[in-house]
Structure formats: structure tokens, C-alpha cells
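Enquirer: Dumping the structure here so I can ask a few things about it.
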Amino acid sequence: MSEDASSYPPIDPTNFDLIVLGTGLPESVIAAAASANGKTVLHLDPNPFYGSNYTSLSLQDLSSFLISHSAPPPSPPSAPSDGHDFTPAALAARPLFSHVEISSFAPDVLGEEHSRKFNVDLCGPRVLFCADKSIDLILKSGTSQYVEFKGVDASFVYNENGKLTSVPDSRAAIFKDKSLGLTEKNQLMRFFKLVQQHLEDDGEEGGENESRNSRISEQDLESPFVEFLNKMRLPPKIKSIILYAIAMADCDQDNVEVCEDVLKTKDGIDRLALYNSSVGRFPNALGAFMYPLYGHGELPQAFCRRAAVKGCIHVLRMPVIAVLMDKSTGHYKGVRLSSGQDLFSHQLILDPSFMVQLPLASSPPGLGSIKRRVARGICITKRSLRSETSNFLVVYPPRSLFPEQVTSIRALQIGSDLAVCPLGMFVIYFSTLCHDANQGEKLLNAAMDSLLTVPESAHPESSTTVHSENSAEEKPTVLWKALYIQELTMDHFESISSTPMPDGNLNYNNILHATLKLFQKMYPLEEVFPETASPENPEDDNEFSLES
Amino acid sequence: MHGQPRKAPKPEDEAASAAKAEKLRNLQSQFLCFHRNNIYSKEALEVNAKLLEINPEHYTAWNYRKLAVEHRLTQSESDPDSVNSILNEELKVVESALRQNFKSYGAWHHRKWVLSKGQSSLDHELRLLDRFQKADSRNFHAWNYRRFVASLLNISEVDELQYTTDMINKNFSNYSAWHNRSVLLSNMLKRKAQGFFPKEKVLNEEYELVHQALFTDPDDQSGWFYHLWLLEQTVKADAPLLVSSWPAHDSNLILLGDSCLEDSALSPFNTFHSELGTIPLVVYFNKAVEGVNSSTISVESVLNMKGELTWKPLSTNNSQTAQVWVTYLNYPDIKLHSSEFYPVEVSVGHTQGIISSNGFHYSHPSRFAFKVFVRPFEKDLAGHGVEMVSWREDNFLLYESHSQESNPILSLDQLNIKDDQEESSSKWRAETIANEIALFRELLSEINCKIGKLTLARLLIAHDMMMSPIANKMVHSEEVIELYSDLMMLDSPHSQYYKDECSLVLLQQITSNMESLLRYCFRHGDRTSSFLGNSICLRLNNLSLSRVGSVEKLLWVQMLDLSHNELRSIEGLEAMQLLSCLNLSNNKLSSFTALGPLRLLKSLKVLDIACNEIGSHSIDTTRYLCSSPLSHTEEIGWSHDEMVTGDINLANYWEAFLIFKDLNLTQLDIVGNAIADEKFKSFLVKIVPTLKWLDGQQLQLH
């Protein structure tokens with residue numbers, strides 16, 4: 001890549017309000033927001049594609065990206081200090097991924113030609129709730145014209161018997177559900193109504209005594225959500241659905257000793273409210289979730305297009321080798337490209353896969369703070385996990401696979417109708433939080449084995465794949481599989497801000513929240529997207545990028 | 001649409017609506033001018049279309065369009081293209097009117113009218129419906145129209161049923177969808193359509209479906225209404241049945257000519273005194289029927305020598321459909337052997353012709369028989385011994401029954417032939433109801449739900465009725481009454497309905513067996529009055545009754561005390577053809593219209609309606625509760641000179657006149673009603689010449 005970089009013509013101008021390094025979703029949102037506020041922005045990415053850690057790639061590109069980002073690369077040449085009033089601090093890549101395991105079981109099916117037809121998400125499984133703040137942001141920023149969404153058809157819970165049961169997440173879904181008993185339906189709907197009533201009364205704030213009755217008490221709101229559910233006498237099955245498939249709790253809430261983040265009632269209710277307002281928000285999305293056509297990589301790209309319309313300059317395949325620091329103040333001044341060109345800006349935003357090796361700092365501050373990781377897995381199949389639907393979510397609540405399973409595992413199957421894979425194939429994403437790679441791999445492998453047939457060896461006889469197609473009862477066979485562990489850390493540097501990494505959640509809410517906070521810190525006086533940012537004519541697109 | 005808050009109009013809105021009104025006025029006067037002059041030009045039709053686009057509720061405008069279409073069609077009879085363009089134009093006008101208001105009756109009706117011509121393509125209609133049903137899936141106009149289009153297009157009922165399933169799955173609070181489902185299923189069950197037989201299997205699946213709605217959201221009423229329909233389908237036998245009769249089957253009827261005759265060996269339940277020389281014969285069905293006549297019911301007896309019997313429906317609205325029918329058997333003037341019993345045999349439904357109002361034939365031919373024994377009749381006694389009847393408490397003595405008295409409340413159900421199929425279906429019914437009861441008890445143990453309680457009460461009643469149609473043991477009446485009392489408190493706006501239902505249950509309980517009934521049977525101490533004779537007074541006073549029920553078991557009653565209740569209506573009482581003394585004092589009867597059933601009680605002599613609310617309410621609301629508000633005016637057989645009797649204008653007391661003119665009352669108590677002033681009393685004396693006592697005072701004989 002660096003060979004290509006030198007062939008680029010020098011970038012002109014050389015002074016910007018903001019330089020953004022990396023084109024992941026948070027960086028792209030900031031670039032778009034800053035551009036919309038009239039800042040001059042330069043958006044750089046060493047990769048030949050948009051999206052950084054939030055991208056969607058072909059199978060081959062995904063493999064090579066994971067592998068290249070899992071080992072610490074050779075440390076960059078220390079840039080010579082050449083007598084300016086600044087010193088270069090080398091920019092090192094930080095390996096976000098580890099324990100990358102990629103196995104292809106059907107090279108014939110997934111040949112070169114096919115592989116290119118995939119748009120596989122790096123940060124999956126991921127969906128957007130229809131009522132997510134991110135949707136509002138996409139609409140408000142005018143980004144919606146560059147990306148199209150489709151509703152996720154259904155969501156299921158994996159139960160101890162190895163069966164998937166649909167999540168009764170709305171009045172209509174409860175009505176239609178075949179697995180709940182009549183009394184259970186009544187209990188669940190009553191609980192939903194209670195929450196709804198509470199939220200409505202909360203909205204009205206103050207006033208009559210009568211409405212206060214339907215509010216959940218302050219004491220209950222501060223107590224663990226699971227205790228509140230117990231108090232409501234909800235049976236375990238319904239409790240588990242609410243906690244893990246609707247409120248999307250990560251850890252075993254029933255087991256307070258091992259649970260690291262006990263969900264409070266008020267947060268649980270907020271999550272239910274989000275879910276509830278998501279169902280039916282858009283006429284073409286029946287359930288609570290949406291998925292972007294062509295994969296999640298479309299989202300950062302859409303924000304980049306938005307930024308470009310507002311004058312942001314994008315340069316791909318452009319590594320930055322050093323950050324330039326003011327000699328006298330020690331403050332950030334600019335960056336040095338691998339082409340050797342120096343560019344200057346007031347502010348810098350860094351993709352979290354870069355680390356500044358500050359000469360003064362003894363060690364990077366992030367190292368000791370690694371608390372958790374997220375294990376991610378991807379499987380490709382030729383048959384859907386369920387015959388009637390192709391795009392759906394599966395939640396494995398804690399202890400549903402084996403007693404030691406302390407975290408909830410989420411899986412998302414996306415079919416070719418969302419243009420992420422060749423016709424007739426399916427991509428299934430898995431993820432769970434974990435402390436170490438072993439634990440994560442064990443959890444994901446168990447989840448995969450429960451619903452899929454993973455061939456023993458990486459190079460099976462071609463006959464076995466044929467014969468496994470026989471019975472419809474049989475689990476779909478995995479054609480290609482990837483498993484990797486991703487770090488979850490967040491660093492802060494003086495005057496250099498690092499954006500959040502993809503987290504273990506299904507949606508982008510926490511990531512975007514952190515991103516917007518970052519933006520407000522940089523530009524306390526600016527609105528993220530001023531109201532004037534109305535969608536513009538598609539003709540403007542032509543100038544959107546330097547990519548050829 | 002539903003659930004949208006109203007907003008106060010802003011000044012600019014008011015200005016806009018004033019402008020709109022001005023425009024409307026203009027269009028309207030133009031249109032009316034065209035209409036008056038029968039002008040159907042292109043310009044005239046355009047004005048009309050503009051008017052309808054703004055105001056789709058303008059019926060005259062729609063009617064004008066129909067005239068215009070007819071006019072233009074006659075002019076272009078031969079040319080199919082111009083016929084098409086005329087009709088298509090109409091469809092367009094309707095569409096733009098519907099865009100303005102998709103609940104416009106006139107617009108939907110006009111569309112039906114155009115399509116009924118059979119000239120237009122129907123392809124577009126389902127798409128149009130889809131659009132409107134998407135905008136508001138509950139819009140019953142669209143659903144109505146859907147049924148119309150589906151029948152024109154011959155869309156199978158199975159497909160339409162699936163459509164209701166889909167709509168219900170989307171959102172089950174949709175009365176229209178549930179309703180359409182019941183309509184479609186009714187048809188298919190009746191036809192025994194393929195896959196919709198046996199009825200039991202289909203209904204089981206429907207119960208299953210509606211349970212999902214009821215349990216998911218018990219506060220939504222649409223499912224409950226469907227459940228009510230299902231319950232009706234489960235409980236009600238399709239074919240009408242004979243429920244009871246008077247005289248009862250197997251009874252020995254004693255006809256007394258002489259009231260003074262005292263013979264304690266005679267059962268007072270079967271003793272009947274008749275001055276008219278006739279015996280009423282009453283048949284009581286489980287539902288309203290038509291076609292009761294001498295060919296569908298044959299009566300064999302020596303008493304019936306005058307040839308064909310005339311059956312009369314006992315209905316207060318003069319319809320030819322009624323639940324109760326009466327005829328009169330004449331016994332001849334010649335002296336019959338006083339020691340002999342004369343058998344009478346009645347066969348019901350051995351020839352076809354008795355049909356329920358929903359089209360089912362009476363299909364259980366049955367026969368009942370009784371014997372008549374006539375005591376010597378001495379005419380010279382008739383005029384004597386007529387004393388005022390007093391309802392004073394100390395005049396009544398609890399009746400002590402004789403050991404082997406025949407049971408007057410015997411139900412005729414046992415006479416109805418039951419075939420095997422009937423048996424298996426009645427087993428299914430019992431199981432279904434029991435299952436429903438268990439389910440709703442469970443639901444109510446979790447939540448407090450008004451309509452759930454009401455449904456449980458209805459199920460329990462249905463259960464009791466079904467389990468013991470003969471003995472009618474009311475196992476659950478306590479629980480039912482408790483449920484209704486609960487409901488009266490929970491749902492006070494409907495407390496009157498719950499009170500009515502409670503009254504019915506209480507009466508069912510009282511009449512459920514002889515033992516309990518006897519607790520309400522009294523002998524009147526003053527037996528000198530001729531028409532009291534040997535008979536018994538049934539005292540149902542002080543029971544907080546608001547409605548009369550279980551009349552089918554009380555056909556034998558000749559003296560009835562309903563005083564000190566809360567009656568607002570006496571509907572059902574018309575079946576008690578033997579009734580001669582009736583006490584309705586201290587109730588809540590608020591008009592003479594409410595006394596309508598009395599017009600059919602030809603034997604009534606003594607009536608006490610003191611202390612009611614007649615005349616206290618300026619508006620007679622009872623009128624509007626009747627099935628047809630016009631039903632009261634049907635008997636306008638008055639002659640002109642009847643209009644004004646003396647200084648009293650008949651028109652002022654018209655309602656009273658209709659009630660009393662055909663009754664031969666000898667005693668009437670009306671004191672304690674707002675209407676009962678001196679003027680009214682003198683009016684009564686004039687129109688009821690037989691009256692001897694009015695408010696306890698003997699009238700001077702003229």
C-alpha cells in the first residue's frame with residue numbers, strides 16, 4: 001500500500017480545521033458533522049476502502065484485513081526530526097484483533113469469483129433499532145439518501161431444548177405466538193402495558209395523584225431489573241425473553257456474583273421503550289430492527305458522501321506515519337503522510353486502531369485497562385437456519401447452551417436479499433462478550449454447533465457436503481467460518497481524540513453517543529448537524545470522493 | 001380515525017372554513033338549479049362533481065347523479081364505449097369523494113349502484129379497497145364494500161376468511177374483521193361447506209383463535225364480541241324447540257264455572273275459571289317463530305268442535321313472528337258429563353311450516369296431551385260475589401302443597417326427540433362451555449376485567465341451562481349473581497343491564513324447581529271474589545327485579561304480585577294468558593308504553609299500577625327501546641267522535657287509551673303516579689266502562 005501512496009499527487013491545501021484519520025462510522029460522522037458546520041476537513045484512510053473497523057468486505061479482503069490487524073506490524077521508521085518547530089511522533093497500528101481463525105470448508109463453492117460477491121460486516125452482528133437515535137441522526141444529517149434499509153423479519157430465542165422460539169415483542173406478535181400459554185400471553189402483555197403506562201405518565205411529569213399510581217416507584221427503578229421482573233411474578237421463560245431478547249442484557253442477570261453489569265429497572269425500561277417504539281415505526285419494517293442493504297459498511301460510506309458534499313476531502317490508501325507535535329508546547333500540530341508530505345490542522349481525530357507513540361509518555365495508557373473483549377464469528381451457509389425466513393436475530397440467553405455460559409450470545413442471519421452474499425447463501429454473525437479468547441471461542445463454537453453443522457476438517461471431501469443436503473431436518477452446513485476476538489478499549493490523548501471501537505452491542509447507540517460527545521468537546525458551540533442540512537440533489541455526488 | 005385528539009380551531013382555520021362554506025353555497029345553488037330543471041349537461045355534472053368532492057355527504061347530489069346516469073345511458077344505449085365512459089366517470093367521482101371522506105355513506109353507496117349495473121370492470125375494486133383498508137383497517141364501510149365486491153367477483157369465502165385472519169394477525173382489535181369472520185363462517189357452517197364441517201371442529205379452532213386475543217389484551221373488546229358470537233353458536237340449537245305449554249303436558253285441567261266451589265283435592269295449579277267459555281292454549285318456543293297455524297299444530301279433542309283454530313302471535317309489535325302463540329279452545333255450551341275427563345292432544349310440527357326468524361325449520365315434532373274436566377257451570381252466580389281484591393299483606397297465606405301435586409313448571413324439553421348426533425354435539429357443547437369457564441376463571445384470578453366477568457357470568461348461565469334443561473338446576477346462580485353485583489359497582493354506566501341480567505337469574509333460580517317455587521306461592525285469604533277462586537297468587541314482590549323472565553314456567557299464573565320491585569318494563573308478561581290479577585305497584589314504570597304487553601292479556605281484571613313514575617318524565621324513552629318506534633301507532637282504528645270525549649282531549653292520553661281500551665278491568669289502582677289527576681281519572685272511567693273500583697273507591701254505576 002505504501003508504494004501506491006507515494007504515487008499520489010501532493011494534497012493541496014495543506015492546512016485544515018480538522019484531520020480525521022480512519023473512515024469508520026464515528027470518524028465519518030465527525031467528518032460529516034464538522035463539514036456541515038463549515039469546517040475544512042481532510043479525511044484520510046490507509047485502507048483502499050471506506051469504513052475501517054466498521055466496514056463490510058469480500059471474504060478474502062476480510063480475511064486479510066483481520067490477519068493484518070491481528071499482529072503488531074513492524075514498527076514504523078522513526079521519522080527524522082528535520083529542524084522544524086515540531087517533532088514527529090510515530091503513529092503505530094494497534095492490533096484490535098487476535099486469535100483470528102478462518103476456515104474454508106468448500107473452496108469450490110467459495111471460489112474467487114463468489115468471494116467478491118460478499119459484503120461481510122467486520123463488526124457484526126449488528127442491526128439498527130427503528131427508533132434508534134442513529135436513525136434520527138441519519139435522517140437529520142441527510143445521509144438517508146445514500147443508504148437503504150430493510151426490516152429484519154423476526155427474532156428468536158434459543159431455548160434449552162435446542163429450539164428457536166420467536167420473540168413475542170409486540171401485541172400482534174404475542175397474539176400470534178404459538179409457544180406461549182394463554183396466561184403467559186396475558187402476563188407478558190400486562191407487563192408491556194405497565195411499562196407503557198409508566199412511560200406515558202413519566203412523559204406528563206408531575207400532576208395528578210391518579211396518574212402516579214401507574215408509575216413504577218423510584219425504589220423499583222433503582223433496583224435491578226431482574227428483581228422487578230420477579231416482583232411482577234413473571235415466569236422464568238418470559239423473564240428471559242424480556243431481559244435478553246428485548247432489553248438485550250449481556251450478562252446473566254440472575255446470577256449477581258458473576259454478572260458484571262446488572263441492568264437497573266430504569267435502564268431496562270428505557271430499553272423496552274426503545275424496542276417498543278421501534279416496532280412499527282416504519283411501514284416496511286415489521287419488527288424492531290433494520291439492516292442496511294449491502295451491509296453495515298454502507299453507513300460510514302454514506303456519512304463520507306455527506307461530508308464530501310459539504311467540502312470534505314477524502315483520500316484513501318493514504319497511510320499516516322507520524323503525528324507532528326509542537327516542539328515548545330507539546331501540542332498537536334499536524335500529520336506526516338507516508339508520501340512524506342506534512343499537513344496541518346487544529347484538531348485530529350484518530351481511528352482507535354492507531355496509537356501515537358509519544359516520546360514523552362513512557363507507555364501507552366491503554367494497556368492495563370483491557371477489561372473485556374468481544375468474540376465475533378461469521379459463518380456462511382447455503383441454507384437458512386429457518387426455512388420460512390432469511391433475515392432474523394437469534395438470542396442465546398445465559399445458561400441456555402451450557403451452565404457456565406454467563407453471557408448472552410447474539411446471532412444474526414442475513415440473506416442474499418440484503419445484497420451481502422451471492423444468491424441462495426446466508427451469512428450468520430455471532431458475538432458475545434468475554435474475558436479471554438478461550439472463553440469467547442468456546443461460547444461461539446457452542447452457539448454455532450447448536451444450529452449448524454461445522455465440518456471437522458478444513459478440507460473435507462467434496463462428497464460430504466453433497467450428502468448433507470439430503471434431509472431438511474439436518475442443520476445447515478457451514479461453508480466458511482471466521483472466529484476472532486476484538487479488543488474493547490478507549491484511549492484519550494491530550495488534544496488528539498480517539499474514536500470508539502465497535503462495541504459488543506447490537507446497535508450503534510453507545511458508539512454514537514460517545515462520538516457526539518467527542519464532537520461536542522471539540523466544537524462546544526456547534527450543533528452536530530444544523531437544521532439546514534436538508535438532503536441535496538443527488539447530482540452533487542460527483543465530487544464526493546477522490547477515490548477512482 | 002381513532003384516537004386523534006381534537007384541537008380548537010385557529011382563526012385562520014375559521015377563515016378557511018368560511019371561504020369553503022361560501023364556495024359550497026355557490027356550488028350548491030348552481031347544482032340545485034340544474035337539478036330542478038333536469039339539466040344533465042356536461043357542465044352540470046362537473047358542478048355536481050365539484051360539490052361532491054368538497055361535500056361527499058350531499059345525498060341529493062348523489063341522487064341527481066343517478067338520475068343523470070340513467071338519462072345519459074338511455075341516450076347511448078347501443079354504444080358500449082360511451083356506456084363505459086359514463087360509468088367510469090361515476091367511479092372517478094366516487095373516488096375523489098372518498099379521498100375527502102372515506103367514511104361517506106353516499107359515496108360508497110353510489111359506487112355499489114354503479115357496479116351493480118354490471119358494466120364496469122371490477123379489477124380495480126380490490127386495489128381500491130386495499131388502499132382504504134390500509135388507511136384504516138377498521139373502516140366498516142370498506143369492509144361492507146368488500147363483501148359486496150367479493151360476491152360480485154365470486155371470491156371464495158375461504159379466501160375472504162383468510163383475509164380476515166391476516167387482518168386480525170396484523171392487529172386484532174378490529175371489530176370489522178372479526179365481524180366479517182362471523183358472517184363468513186355463519187354462511188359456511190350453514191352450507192356445511194367443505195372443510196367447515198362438522199361445526200364443532202370449526203368452532204373449536206375459532207375459540208382457540210379468539211382466546212389468543214382475549215388473553216393477550218383482555219381490555220380490548222373486539223375479541224370479546226366475537227367470543228359472544230361463538231358462545232351463541234355453541235349454545236343455541238339452530239332449530240326452534242317447543243319449551244313449554246299451557247295446559248302442561250300430562251296435566252288434568254279443571255274448569256270451574258263456580259268460584260265458590262271449594263275442593264282442596266283439586267290442585268290449584270290446574271284449576272282454571274273461565275267465564276268466556278274458552279280455554280287458552282299457549283305454546284312457548286325457545287325462539288321467535290312464524291308459521292304457527294292449524295296445519296302446523298293439530299289439536300284433537302271433543303272440545304274443539306268449532307273447526308279450525310286460529311293461532312295468534314303474542315307479540316307487542318304486531319309482527320307475525322313471536323316466541324309465544326295462543327289459541328282458544330271453545331267448550332260447548334251443552335252440558336258435558338261432569339264426571340268425565342276429556343282428553344286433548346296437541347301435535348306440534350308434524351307438518352313443516354314453523355320456521356325461526358333466522359330460517360331454521362322446527363324439526364322435532366312433538367306431542368303433548370292433557371285432560372280437561374269441566375265443573376258444572378251455573379250462570380246465575382256469575383254476577384255475584386265480585387268484591388274488591390286487596391293486596392294487603394295479611395290477606396296472603398303461604399300455600400301448603402299437597403303431596404302428589406302435578407308439576408306445572410314441567411319443561412317440555414323432555415318431549416323433544418334427541419337423536420344420536422344431537423347427543424354427541426350436546427356432549428361437545430357441555431365440554432366446550434366447561435372449558436371456557438375454567439379458562440376465564442383462570443384469567444379473572446390474574447386480572448380484574450369487566451367484560452371477562454360478564455362473559456364468565458354468561459358462560460355459567462349457559463352451563464346451567466345446558467346441564468339440566470329439564471330440572472333447570474341453577475348450580476351457579478350464586479356465583480353469577482355475585483359477578484353481576486361486582487359489575488354493577490365496577491361499571492356503573494351499565495348497571496341497569498347487569499340488574500336486568502341479575503333479575504333473570506334470580507327468576508330462573510326461583511322457578512328452577514317446585515320446592516323453591518312454592519316458597520313464593522300464596523293463597524289469597526279473601527276468596528269471595530269470583531276470579532280468584534281456588535287459584536294461587538305468585539308473589540314475587542320485594543326482589544329488586546328490574547325485568548320479568550322465566551315466564552315459560554309461569555304460564556299457569558292467574559294472580560301475580562310484582563310490587564315493590566324496580567321494573568321499568570314488563571316485557572314477556574304477555575305470555576301469561578291466564579293472568580287476571582296483577583300488582584305492579586311501587587315499581588319504576590315510567591309510561592303507559594311500558595305497559596304495552598298488558599294489551600294482550602285478555603283475562604286481566606284487576607290491575608294495580610299505583611306508585612310508579614307514569615307521567616313524571618316528559619319524554620317517553622320506552623318508545624325508543626321498542627323494536628320499531630312506529631309499532632304503537634299501528635292500531636289507529638279510532639273513529640273521529642272518539643277523539644274528544646266530553647271535555648277531555650283523547651290525544652293527551654293517547655298512550656293510556658291504547659292500553660286500556662281493550663282491557664275489561666274491573667279494578668284499577670293508579671294513585672301515586674304523576675299523571676293520575678282528577679281529569680285523568682274521569683277519562684279512565686269513560687274509556688273503561690267495566691271499571692268498578694278506581695284507587696280503592698267504588699264507582700257509581702251509571
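Order determines the names: the first chain of the C-alpha cells is A, the second B, and so forth; residues in each chain are numbered 1 upward, and ligands are numbered 1 upward as they are shown.
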As a ChimeraX atom specification, list the residues of segment 34-276 of chain A assigned to alpha helix (DSSP H) by DSSP on the backbone atoms of this structure.

Expert: /A:34-36,59-68,112-115,133-141,171-176,182-204,209-213,218-222,225-231,236-240,265-276

Enquirer: Using only C-alpha atoms, which chain B residues lie at most 9 Å away from chain A, written as an NGL selection string?

Expert: :B and (168-172 or 209 or 211-218 or 439 or 442-443 or 446)

Enquirer: Using only C-alpha atoms, can you tell me which of B:Val235, B:Tyr497, B:Val282, B:Asn612 comes closest to Met465 of chain B?

Expert: B:Val235

Enquirer: Identify which of the residues B:Val149, B:Val551, B:Leu73, B:Ala674 lies closest to Arg127 of chain B, counting only C-alpha atoms when measuring atom-to-atom distances.

Expert: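 Counting only C-alpha atoms, the residue closest to Arg127 of chain B is B:Val149.
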
Enquirer: Enumerate as a PyMOL selection string all residues of segment 323-456 of chain A assigned to strand (DSSP E or B) by DSSP on the backbone, naming them with the chain letters and numbers the document uses.

Expert: chain A and resi 323-326+332-337+342-350+354-356+372-381+392-396+407+409-415+426-434+453

Enquirer: Quote the spacing between atom CA of Thr164 of chain B and atom CA of Ala193 of chain B in Å to one decimal place.

Expert: 17.8 Å

Enquirer: How far is it from atom CA of Gln133 of chain B to atom CA of His109 of chain B, in Å with one decimal?

Expert: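 Interatomic distance here is 17.1 Å.
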
Enquirer: Find the residues around segment 8-22 of chain B up to 10 Å (only C-alpha atoms counted), leave out those fewer than 5 positions away in its own chain, and share them as a list in words.

Expert: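 That gives Leu27, Gln28 and Ile54 of chain B.
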
Enquirer: Name the residues in contact with Thr14 of chain A at a cut-off of 10 Å, using only C-alpha atoms, excluding same-chain residues fewer than 6 positions from it; report them as a PyMOL selection string.

Expert: chain A and resi 42+334+341-345

Enquirer: Point out the residue among A:Thr40, A:Ser98, A:Asn47, A:Asn15 with the least atom-to-atom distance to Ser70 of chain A, counting only C-alpha atoms.

Expert: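 Of A:Thr40, A:Ser98, A:Asn47, A:Asn15, the one nearest Ser70 of chain A, counting only C-alpha atoms, is A:Ser98.
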
Enquirer: What gap, in Å, lies between atom CA of Gln75 of chain B and atom CA of Pro56 of chain B?

Expert: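 Going from atom CA of Gln75 of chain B over to atom CA of Pro56 of chain B covers 27.2 Å.
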